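Trainee: Coordinates in structure24.cif, mmCIF, C-alpha atoms, are listed below.
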data_final
#
loop_
_atom_site.label_atom_id
_atom_site.label_comp_id
_atom_site.auth_asym_id
_atom_site.auth_seq_id
_atom_site.Cartn_x
_atom_site.Cartn_y
_atom_site.Cartn_z
CA MET A 1 25.27 -6.63 7.42
CA GLU A 2 21.99 -6.92 9.30
CA GLN A 3 20.56 -10.44 9.48
CA ARG A 4 16.78 -10.99 9.68
CA PRO A 5 14.66 -14.00 10.65
CA PHE A 6 13.66 -16.14 7.69
CA GLY A 7 10.82 -18.64 7.90
CA ARG A 8 7.96 -18.95 10.33
CA PRO A 9 8.96 -18.96 14.00
CA GLY A 10 9.45 -22.49 15.29
CA SER A 11 9.70 -24.09 11.85
CA ALA A 12 12.58 -26.40 10.93
CA LEU A 13 13.65 -23.82 8.37
CA ALA A 14 13.86 -20.90 10.82
CA ARG A 15 17.19 -19.09 10.53
CA GLU A 16 18.60 -15.64 9.79
CA VAL A 17 19.66 -14.28 6.40
CA SER A 18 21.31 -11.11 5.16
CA VAL A 19 19.06 -8.19 4.25
CA VAL A 20 20.78 -8.06 0.88
CA GLY A 21 21.05 -11.41 -0.88
CA LEU A 22 21.99 -12.33 -4.41
CA GLY A 23 19.69 -13.25 -7.27
CA THR A 24 21.38 -15.54 -9.79
CA TRP A 25 19.15 -15.40 -12.86
CA GLN A 26 21.93 -13.66 -14.77
CA LEU A 27 24.44 -16.39 -13.86
CA GLY A 28 22.48 -18.78 -16.04
CA ALA A 29 23.45 -16.58 -19.01
CA ASP A 30 19.83 -15.62 -19.66
CA TRP A 31 20.84 -11.93 -19.70
CA GLY A 32 23.72 -12.38 -22.11
CA ASP A 33 26.90 -14.41 -21.78
CA VAL A 34 28.45 -14.88 -18.34
CA SER A 35 31.35 -17.31 -18.05
CA GLU A 36 31.45 -19.78 -15.18
CA ALA A 37 34.59 -18.10 -13.87
CA ASP A 38 32.84 -14.73 -13.82
CA ALA A 39 29.78 -16.26 -12.18
CA ARG A 40 31.91 -17.83 -9.48
CA ALA A 41 33.67 -14.51 -8.89
CA VAL A 42 30.30 -12.85 -8.33
CA LEU A 43 29.32 -15.48 -5.77
CA GLU A 44 32.62 -15.22 -3.92
CA ALA A 45 32.54 -11.42 -3.85
CA SER A 46 28.99 -11.47 -2.50
CA ALA A 47 29.92 -13.89 0.26
CA GLU A 48 32.98 -11.87 1.23
CA ALA A 49 30.76 -8.78 1.48
CA GLY A 50 28.39 -10.45 3.94
CA VAL A 51 25.70 -11.95 1.71
CA THR A 52 24.33 -15.19 3.16
CA PHE A 53 21.22 -15.70 0.98
CA PHE A 54 21.39 -16.95 -2.61
CA ASP A 55 18.35 -17.37 -4.87
CA THR A 56 18.36 -19.49 -8.01
CA ALA A 57 15.90 -21.52 -10.13
CA ASP A 58 15.86 -24.67 -12.23
CA VAL A 59 15.01 -22.64 -15.32
CA TYR A 60 17.94 -20.20 -15.06
CA GLY A 61 20.13 -21.35 -17.90
CA ASP A 62 18.14 -24.61 -17.77
CA GLY A 63 20.00 -25.57 -14.61
CA ARG A 64 23.32 -23.84 -15.26
CA SER A 65 22.79 -21.35 -12.44
CA GLU A 66 21.90 -24.11 -9.97
CA GLN A 67 24.98 -26.06 -10.95
CA ILE A 68 27.32 -23.10 -10.50
CA VAL A 69 25.72 -22.21 -7.18
CA GLY A 70 25.98 -25.85 -6.12
CA ARG A 71 29.73 -25.95 -6.78
CA PHE A 72 30.13 -22.74 -4.83
CA LEU A 73 28.07 -24.15 -1.97
CA ALA A 74 30.19 -27.31 -1.85
CA ASP A 75 33.26 -25.16 -1.19
CA HIS A 76 31.45 -23.25 1.57
CA ALA A 77 29.58 -26.07 3.28
CA ASP A 78 30.34 -24.76 6.77
CA ASP A 79 29.65 -21.08 6.14
CA GLY A 80 25.94 -21.09 6.96
CA PHE A 81 24.67 -19.95 3.58
CA THR A 82 21.02 -20.34 2.64
CA VAL A 83 20.42 -21.40 -0.96
CA VAL A 84 16.87 -21.42 -2.29
CA THR A 85 15.66 -22.50 -5.68
CA LYS A 86 12.45 -22.40 -7.69
CA MET A 87 10.57 -24.94 -9.78
CA GLY A 88 7.78 -25.13 -12.32
CA ARG A 89 8.80 -22.94 -15.24
CA ARG A 90 10.36 -25.67 -17.36
CA VAL A 91 6.92 -26.99 -18.34
CA ASP A 92 3.65 -25.50 -19.52
CA GLN A 93 2.07 -23.31 -16.87
CA VAL A 94 -1.09 -25.39 -16.40
CA PRO A 95 -2.45 -26.73 -13.09
CA ASP A 96 -2.21 -30.38 -14.17
CA ASN A 97 1.59 -30.12 -14.11
CA TYR A 98 1.75 -29.05 -10.45
CA VAL A 99 1.39 -32.42 -8.75
CA LEU A 100 3.51 -34.46 -6.36
CA ALA A 101 5.08 -36.67 -9.04
CA SER A 102 6.19 -33.61 -11.01
CA PHE A 103 7.53 -31.93 -7.89
CA ARG A 104 9.61 -35.01 -7.09
CA ASP A 105 11.09 -35.14 -10.59
CA TRP A 106 11.88 -31.44 -10.63
CA LEU A 107 13.43 -31.50 -7.18
CA ASP A 108 15.53 -34.60 -7.88
CA ARG A 109 17.05 -32.69 -10.78
CA SER A 110 17.64 -29.59 -8.65
CA ARG A 111 19.20 -31.62 -5.84
CA ARG A 112 21.64 -33.13 -8.32
CA LYS A 113 22.50 -29.71 -9.76
CA LEU A 114 22.92 -28.16 -6.30
CA GLY A 115 24.73 -31.19 -4.89
CA VAL A 116 22.53 -31.48 -1.80
CA ASP A 117 20.26 -34.11 -0.30
CA THR A 118 17.83 -31.59 1.17
CA ILE A 119 17.13 -28.24 -0.46
CA ASP A 120 16.82 -25.40 2.08
CA LEU A 121 13.72 -23.98 0.44
CA VAL A 122 11.95 -24.46 -2.87
CA GLN A 123 9.57 -21.90 -4.29
CA LEU A 124 6.84 -22.50 -6.80
CA HIS A 125 7.99 -20.31 -9.67
CA CYS A 126 5.11 -17.95 -10.45
CA PRO A 127 2.51 -20.69 -10.98
CA PRO A 128 -1.09 -20.06 -12.09
CA SER A 129 -3.40 -18.68 -9.41
CA GLU A 130 -5.36 -21.95 -9.44
CA VAL A 131 -2.24 -23.74 -8.19
CA ILE A 132 -1.67 -21.22 -5.40
CA ASP A 133 -5.29 -21.54 -4.29
CA ASP A 134 -5.44 -25.36 -4.38
CA ASP A 135 -5.20 -27.37 -1.13
CA ALA A 136 -3.60 -30.25 -3.03
CA THR A 137 -0.57 -28.09 -3.86
CA TYR A 138 0.30 -27.71 -0.20
CA ASP A 139 -0.47 -31.33 0.64
CA ALA A 140 2.18 -32.33 -1.92
CA LEU A 141 4.71 -29.81 -0.64
CA ASP A 142 4.11 -30.88 2.96
CA GLN A 143 4.84 -34.47 1.92
CA LEU A 144 8.17 -33.38 0.41
CA VAL A 145 9.09 -31.68 3.69
CA ALA A 146 8.17 -34.85 5.58
CA ASP A 147 10.32 -36.88 3.20
CA GLY A 148 13.33 -34.62 3.72
CA VAL A 149 13.51 -33.55 0.09
CA ILE A 150 13.11 -29.92 1.13
CA ALA A 151 13.39 -28.17 4.48
CA GLY A 152 10.62 -25.72 3.56
CA TYR A 153 8.71 -24.14 0.73
CA GLY A 154 7.47 -20.80 -0.50
CA VAL A 155 5.80 -19.23 -3.50
CA SER A 156 7.16 -16.74 -6.01
CA VAL A 157 4.24 -14.68 -7.29
CA GLU A 158 3.35 -12.12 -9.91
CA THR A 159 0.42 -10.41 -8.15
CA CYS A 160 -0.45 -9.17 -4.71
CA ALA A 161 -3.62 -11.28 -4.73
CA GLN A 162 -1.50 -14.40 -5.22
CA ALA A 163 0.80 -13.34 -2.39
CA LEU A 164 -2.09 -12.83 0.01
CA SER A 165 -3.49 -16.25 -0.86
CA ALA A 166 -0.14 -17.96 -0.24
CA ILE A 167 0.42 -16.18 3.07
CA THR A 168 -2.71 -17.79 4.53
CA ARG A 169 -1.20 -21.27 4.13
CA PRO A 170 0.46 -22.40 7.38
CA GLY A 171 3.30 -24.25 5.64
CA VAL A 172 4.38 -21.36 3.43
CA GLN A 173 7.68 -19.98 4.73
CA SER A 174 8.24 -17.21 2.21
CA VAL A 175 6.71 -15.18 -0.58
CA GLN A 176 8.89 -13.73 -3.32
CA ILE A 177 7.40 -10.71 -5.05
CA ILE A 178 8.48 -7.82 -7.25
CA LEU A 179 9.02 -4.82 -5.01
CA ASN A 180 10.92 -1.68 -5.92
CA ALA A 181 10.53 2.08 -6.15
CA PHE A 182 8.38 1.57 -9.27
CA ARG A 183 6.21 -1.21 -7.77
CA LEU A 184 4.64 -0.01 -4.52
CA LYS A 185 1.43 -2.01 -4.31
CA PRO A 186 2.90 -4.75 -2.04
CA LEU A 187 3.32 -2.09 0.64
CA ASP A 188 -0.44 -1.76 1.00
CA GLU A 189 -1.44 -5.25 2.18
CA VAL A 190 1.16 -7.90 1.36
CA LEU A 191 3.99 -6.75 3.61
CA PRO A 192 1.75 -6.20 6.67
CA ALA A 193 0.06 -9.60 6.17
CA ALA A 194 3.39 -11.38 5.82
CA ALA A 195 4.80 -9.72 8.92
CA GLU A 196 1.76 -10.72 10.96
CA ALA A 197 1.98 -14.34 9.77
CA GLY A 198 5.74 -14.63 10.18
CA VAL A 199 6.21 -15.24 6.45
CA ALA A 200 9.47 -14.01 4.93
CA ILE A 201 9.29 -11.56 2.05
CA ILE A 202 11.93 -11.91 -0.66
CA ALA A 203 11.92 -8.72 -2.74
CA ARG A 204 12.94 -9.36 -6.32
CA VAL A 205 13.64 -7.08 -9.32
CA PRO A 206 14.75 -4.28 -6.94
CA LEU A 207 16.31 -2.25 -9.76
CA ALA A 208 13.41 -2.68 -12.20
CA SER A 209 15.70 -4.64 -14.54
CA GLY A 210 18.37 -1.97 -14.20
CA LEU A 211 16.20 1.11 -14.78
CA LEU A 212 16.75 2.33 -11.23
CA SER A 213 20.51 2.24 -11.67
CA GLY A 214 20.11 5.44 -13.67
CA ARG A 215 22.50 4.15 -16.36
CA TYR A 216 19.98 3.77 -19.21
CA ASP A 217 18.45 6.23 -21.62
CA GLU A 218 16.10 5.90 -24.58
CA SER A 219 18.98 4.94 -26.88
CA THR A 220 20.27 2.10 -24.69
CA THR A 221 20.17 -1.32 -26.37
CA PHE A 222 20.45 -4.80 -24.90
CA ALA A 223 21.64 -8.10 -26.34
CA PRO A 224 19.11 -10.10 -28.39
CA ASP A 225 19.15 -12.90 -25.78
CA ASP A 226 18.52 -10.44 -22.92
CA HIS A 227 14.92 -10.46 -21.68
CA ARG A 228 15.05 -6.66 -21.71
CA THR A 229 15.04 -7.03 -25.48
CA TYR A 230 12.79 -10.00 -26.16
CA ASN A 231 10.23 -9.67 -23.36
CA ARG A 232 9.32 -5.98 -23.40
CA ASP A 233 5.87 -6.90 -24.67
CA GLY A 234 5.49 -9.91 -22.38
CA SER A 235 5.68 -12.40 -25.23
CA ALA A 236 8.03 -14.77 -23.33
CA PHE A 237 6.69 -14.45 -19.76
CA ASP A 238 4.86 -11.97 -17.56
CA VAL A 239 5.81 -8.48 -18.72
CA GLY A 240 6.01 -7.39 -15.10
CA GLU A 241 9.33 -9.26 -14.83
CA THR A 242 10.91 -6.89 -17.39
CA PHE A 243 11.37 -3.28 -16.24
CA SER A 244 8.69 -4.12 -13.63
CA GLY A 245 6.08 -3.77 -16.35
CA VAL A 246 6.86 -0.09 -16.81
CA ASP A 247 6.87 1.19 -20.39
CA TYR A 248 10.55 1.68 -21.18
CA ARG A 249 10.32 5.33 -22.20
CA THR A 250 8.25 6.18 -19.13
CA GLY A 251 10.64 4.19 -16.98
CA VAL A 252 13.72 6.01 -18.25
CA ALA A 253 12.14 9.36 -17.46
CA ALA A 254 11.06 8.23 -13.99
CA ALA A 255 14.50 6.76 -13.34
CA ALA A 256 16.15 10.06 -14.20
CA GLU A 257 13.94 11.75 -11.62
CA PHE A 258 14.82 9.03 -9.08
CA THR A 259 18.52 9.64 -9.73
CA GLY A 260 17.97 13.33 -9.06
CA LEU A 261 16.28 12.49 -5.76
CA VAL A 262 19.20 10.34 -4.71
CA ARG A 263 21.73 13.03 -5.58
CA SER A 264 19.72 15.67 -3.70
CA ALA A 265 19.14 13.56 -0.60
CA LEU A 266 22.36 11.54 -0.39
CA GLY A 267 24.95 13.33 -2.52
CA ASP A 268 27.48 11.34 -4.51
CA GLU A 269 28.37 8.87 -1.78
CA VAL A 270 25.49 6.53 -2.64
CA THR A 271 24.64 5.35 -6.16
CA PRO A 272 21.05 5.25 -7.41
CA ALA A 273 21.27 1.45 -7.50
CA GLN A 274 22.36 1.30 -3.87
CA ALA A 275 19.59 3.67 -2.84
CA ALA A 276 17.05 1.54 -4.70
CA ILE A 277 18.27 -1.63 -2.98
CA ALA A 278 18.25 0.06 0.43
CA TRP A 279 14.73 1.35 -0.24
CA CYS A 280 13.62 -2.28 -0.61
CA TRP A 281 15.19 -3.83 2.47
CA GLN A 282 14.22 -0.88 4.64
CA GLN A 283 10.51 -1.42 3.98
CA PRO A 284 8.83 -2.89 7.09
CA GLY A 285 8.06 -6.55 6.44
CA VAL A 286 10.84 -7.21 3.93
CA THR A 287 13.25 -9.98 4.93
CA THR A 288 15.79 -9.84 2.12
CA VAL A 289 16.21 -8.28 -1.32
CA ILE A 290 17.91 -10.15 -4.16
CA PRO A 291 19.59 -7.91 -6.75
CA GLY A 292 21.62 -9.63 -9.44
CA ALA A 293 25.22 -8.89 -10.35
CA ARG A 294 27.27 -9.65 -13.44
CA ASN A 295 30.70 -8.92 -11.97
CA PRO A 296 32.37 -8.73 -8.54
CA GLU A 297 32.29 -4.94 -8.47
CA GLN A 298 28.51 -4.91 -8.84
CA ALA A 299 28.20 -7.62 -6.22
CA ARG A 300 30.22 -5.65 -3.69
CA ALA A 301 28.34 -2.42 -4.44
CA ASN A 302 25.00 -4.17 -4.03
CA ALA A 303 26.03 -5.69 -0.72
CA ALA A 304 27.20 -2.29 0.52
CA ALA A 305 23.60 -1.09 0.16
CA GLY A 306 22.85 -3.37 3.10
CA LEU A 307 24.95 -1.10 5.30
CA LEU A 308 23.20 2.18 4.54
CA ASP A 309 21.53 4.26 7.23
CA PRO A 310 17.75 4.75 7.04
CA LEU A 311 16.89 6.70 3.92
CA PRO A 312 15.69 10.28 4.51
CA ALA A 313 12.04 11.28 4.26
CA GLU A 314 12.88 13.51 1.29
CA LEU A 315 13.78 10.44 -0.75
CA LEU A 316 10.92 8.28 0.48
CA ASP A 317 8.36 10.99 -0.24
CA GLY A 318 9.87 11.58 -3.66
CA VAL A 319 9.56 7.91 -4.58
CA ARG A 320 5.89 7.95 -3.65
CA ALA A 321 5.32 11.13 -5.66
CA ILE A 322 6.91 9.66 -8.80
CA TYR A 323 4.85 6.51 -8.48
CA ASP A 324 1.56 8.26 -7.85
CA ARG A 325 2.04 10.74 -10.68
CA ASP A 326 3.66 8.68 -13.42
CA LEU A 327 3.29 4.96 -12.73
CA ARG A 328 0.36 4.09 -10.50
CA GLU A 329 -2.33 4.18 -13.16
CA ALA A 330 -0.52 1.69 -15.41
CA ILE A 331 1.04 -0.53 -12.73
CA HIS A 332 -1.19 -0.67 -9.66
CA PRO A 333 -4.28 -2.37 -11.17
CA ARG A 334 -2.28 -5.10 -12.95
CA TRP A 335 -0.16 -6.65 -10.22
#
Translate the structure described by the file into structure tokens.
Mentor:
Amino acid sequence: MEQRPFGRPGSALAREVSVVGLGTWQLGADWGDVSEADARAVLEASAEAGVTFFDTADVYGDGRSEQIVGRFLADHADDGFTVVTKMGRRVDQVPDNYVLASFRDWLDRSRRKLGVDTIDLVQLHCPPSEVIDDDATYDALDQLVADGVIAGYGVSVETCAQALSAITRPGVQSVQIILNAFRLKPLDEVLPAAAEAGVAIIARVPLASGLLSGRYDESTTFAPDDHRTYNRDGSAFDVGETFSGVDYRTGVAAAAEFTGLVRSALGDEVTPAQAAIAWCWQQPGVTTVIPGARNPEQARANAAAGLLDPLPAELLDGVRAIYDRDLREAIHPRW
């Protein structure tokens, strides 16, 4: 699988990572039950398929995901994997909580869960804009780098405006943002700005919470403890994290059209999910894309998307047409 530079050139964090990584939200059992054995099998299958980048967070299963990833990492200490985590969603999302003392406490917990002395990279987990815009935030994070608690830091964001603000900060190594065939706004300014600054882009929610797999219809139901059930209205966290903020009925219809595009352009050799993942990592400026997987088969199929040839213009143009016609008005102004 292609490896791409991660982190600003010349930084202590600078390395290469696979264009398809693995997101581990689901391994915390926040999308329904996943046993530790199944979670470990997903991690192993991903690694065997060439994935070298693993993304977790302290809030995924309240640390369960970090712990499982940490045990996996301990067994692969010499394999050159990059493991990044996120912090800040276990408390109220108010600026007063984003201070050095809090960061130290949160990171001490994450280091214990991951079993490491120095975390490769920590990301602020979708904090308020005031935090992203505050000089003191970066002073605190720089101190943690100097202390060896973290090798580098980035910001996971909800909006393009937040991403552009973070990219201007010289210590920011990465920006994680929702990017998929139903969320095109980052293509306009964020990706070019990140590429110019040498900031890595981690594309998350590449399948729009599964919509772009083409496996759902209007009658599909999800478990009560799955965010695709309880967060459709944004009552638990930003609604953009669930189905990329697309109204479910609209999303199902758009996904059916996307599936048709994939079948027309690529035949039956490539699944809609693989095409959606490839669409993400093939965008100029993207470093890695982090689909989730609930079983080894999904993990291997996702990783195989990192081997696809450049997608044809027919598919790329079709994605843009769907977005402009059916989604832009509702999605573009919000994020």
Trainee: Might you pull out every residue within 8 Å of region 42-54 of chain A, with all atoms listed in the file counted and same-chain residues fewer than 2 positions away left off, and present them as a list in words?
Mentor: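 Here the answer would be Met1, Val17, Ser18, Val20, Gly21, Leu22, Gly23, Thr24, Asp38, Ala39, Arg40, Thr56, Val69, Phe72, Gly80, Phe81, Thr82, Val83, Val84, Ile290, Ala293, Arg294, Asn295, Pro296, Glu297, Ala299, Arg300, Ala303 and Ala304 of chain A.
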Trainee: Can you work out the spacing between CA of Val289 (chain A) and CA of Pro333 (chain A) in Å, to one decimal?
Mentor: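 Going from CA of Val289 (chain A) over to CA of Pro333 (chain A) covers 23.5 Å.
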Trainee: When the PyMOL selection byres ((chain A and resi 273-275) around 7) is applied to the structure above, which residues does it catch, written out as an mmCIF file with C-alpha atoms, in the coordinates of the input?
Mentor:
data_model
loop_
_atom_site.group_PDB
_atom_site.id
_atom_site.type_symbol
_atom_site.label_atom_id
_atom_site.label_comp_id
_atom_site.auth_asym_id
_atom_site.auth_seq_id
_atom_site.Cartn_x
_atom_site.Cartn_y
_atom_site.Cartn_z
ATOM 1 C CA LEU A 207 16.310 -2.250 -9.760
ATOM 2 C CA LEU A 212 16.750 2.330 -11.230
ATOM 3 C CA SER A 213 20.510 2.240 -11.670
ATOM 4 C CA VAL A 262 19.200 10.340 -4.710
ATOM 5 C CA VAL A 270 25.490 6.530 -2.640
ATOM 6 C CA THR A 271 24.640 5.350 -6.160
ATOM 7 C CA PRO A 272 21.050 5.250 -7.410
ATOM 8 C CA ALA A 276 17.050 1.540 -4.700
ATOM 9 C CA ILE A 277 18.270 -1.630 -2.980
ATOM 10 C CA ALA A 278 18.250 0.060 0.430
ATOM 11 C CA TRP A 279 14.730 1.350 -0.240
ATOM 12 C CA ASN A 302 25.000 -4.170 -4.030
ATOM 13 C CA ALA A 305 23.600 -1.090 0.160
#
Trainee: Can you spell out as a list in words the set of residues that the PyMOL selection byres ((chain A and resi 237) around 12) selects in the structure I just provided?
Mentor: Arg89, Asp92, Gln93, His125, Cys126, Pro127, Glu158, His227, Arg228, Tyr230, Asn231, Arg232, Asp233, Gly234, Ser235, Ala236, Asp238, Val239, Gly240, Glu241, Thr242 and Gly245 of chain A
Trainee: For Ile167 (chain A), which residue among A:His332, A:Lys185, A:Lys113, A:Arg8 is the nearest when counting all atoms listed in the file?
Mentor: A:Arg8
Trainee: Between CA of Val122 (chain A) and CA of Tyr153 (chain A), what is the distance, to one decimal in Å?
Mentor: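 Separation between CA of Val122 (chain A) and CA of Tyr153 (chain A): 4.9 Å.
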Trainee: Have a look at A:Leu13, A:Cys160, A:Ile331, A:Ala181 and name the one nearest to Val319 (chain A); count all atoms listed in the file.
Mentor: A:Ala181
Trainee: Need to verify the contact set: Phe182 (chain A), 8 Å, all atoms listed in the file, exclusion of same-chain residues closer than 3 positions in sequence. Can you return it as a list of chain:residue names?
Mentor: A:Leu179, A:Ala208, A:Ser244, A:Val246, A:Val319, A:Tyr323, A:Leu327
Trainee: Select, counting all atoms listed in the file, all protein, DNA and RNA residues no farther than 9 Å from (6.5, -22.0, 13.1) in file coordinates, and express the selection as a CSV table (one decimal) with C-alpha atoms, keeping the file's coordinate frame.
Mentor:
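Result file selection-v1.csv:
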chain,number,residue,atom,x,y,z
A,7,GLY,CA,10.8,-18.6,7.9
A,8,ARG,CA,8.0,-19.0,10.3
A,9,PRO,CA,9.0,-19.0,14.0
A,10,GLY,CA,9.4,-22.5,15.3
A,11,SER,CA,9.7,-24.1,11.8
A,12,ALA,CA,12.6,-26.4,10.9
A,13,LEU,CA,13.6,-23.8,8.4
A,14,ALA,CA,13.9,-20.9,10.8
A,170,PRO,CA,0.5,-22.4,7.4
A,171,GLY,CA,3.3,-24.2,5.6
A,173,GLN,CA,7.7,-20.0,4.7
A,198,GLY,CA,5.7,-14.6,10.2
Trainee: Mind telling me what the PyMOL selection byres ((chain A and resi 5) around 8) catches here, as a ChimeraX atom specification?
Mentor: /A:3-4,6-7,14-17,200,287
Trainee: Go ahead and save the picked residues with C-alpha atoms, as a PDB file, in the frame of the given file.
Mentor:
ATOM      1  CA  GLN A   3      20.560 -10.440   9.480  1.00  0.00           C
ATOM      2  CA  ARG A   4      16.780 -10.990   9.680  1.00  0.00           C
ATOM      3  CA  PHE A   6      13.660 -16.140   7.690  1.00  0.00           C
ATOM      4  CA  GLY A   7      10.820 -18.640   7.900  1.00  0.00           C
ATOM      5  CA  ALA A  14      13.860 -20.900  10.820  1.00  0.00           C
ATOM      6  CA  ARG A  15      17.190 -19.090  10.530  1.00  0.00           C
ATOM      7  CA  GLU A  16      18.600 -15.640   9.790  1.00  0.00           C
ATOM      8  CA  VAL A  17      19.660 -14.280   6.400  1.00  0.00           C
ATOM      9  CA  ALA A 200       9.470 -14.010   4.930  1.00  0.00           C
ATOM     10  CA  THR A 287      13.250  -9.980   4.930  1.00  0.00           C
TER      11      THR A 287
END
Trainee: Would you mind reading off the distance between CA of Ala313 (chain A) and CA of Ala265 (chain A), one decimal, in Å?
Mentor: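 Computed distance, CA of Ala313 (chain A) to CA of Ala265 (chain A), equals 8.9 Å.
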Trainee: With only C-alpha atoms as the counted atoms, please give the residues lying no more than 8 Å from Ser65 (chain A), apart from itself and same-chain residues fewer than 6 positions off, as a PyMOL selection string.
Mentor: chain A and resi 24-25+27-28+56-58
Trainee: Given the choices A:Pro284, A:Gly88, A:Gly115, A:Gly154, which gets closest to Pro310 (chain A) if the distance is worked out from all atoms listed in the file?
Mentor: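 Of A:Pro284, A:Gly88, A:Gly115, A:Gly154, the one nearest Pro310 (chain A), counting all atoms listed in the file, is A:Pro284.
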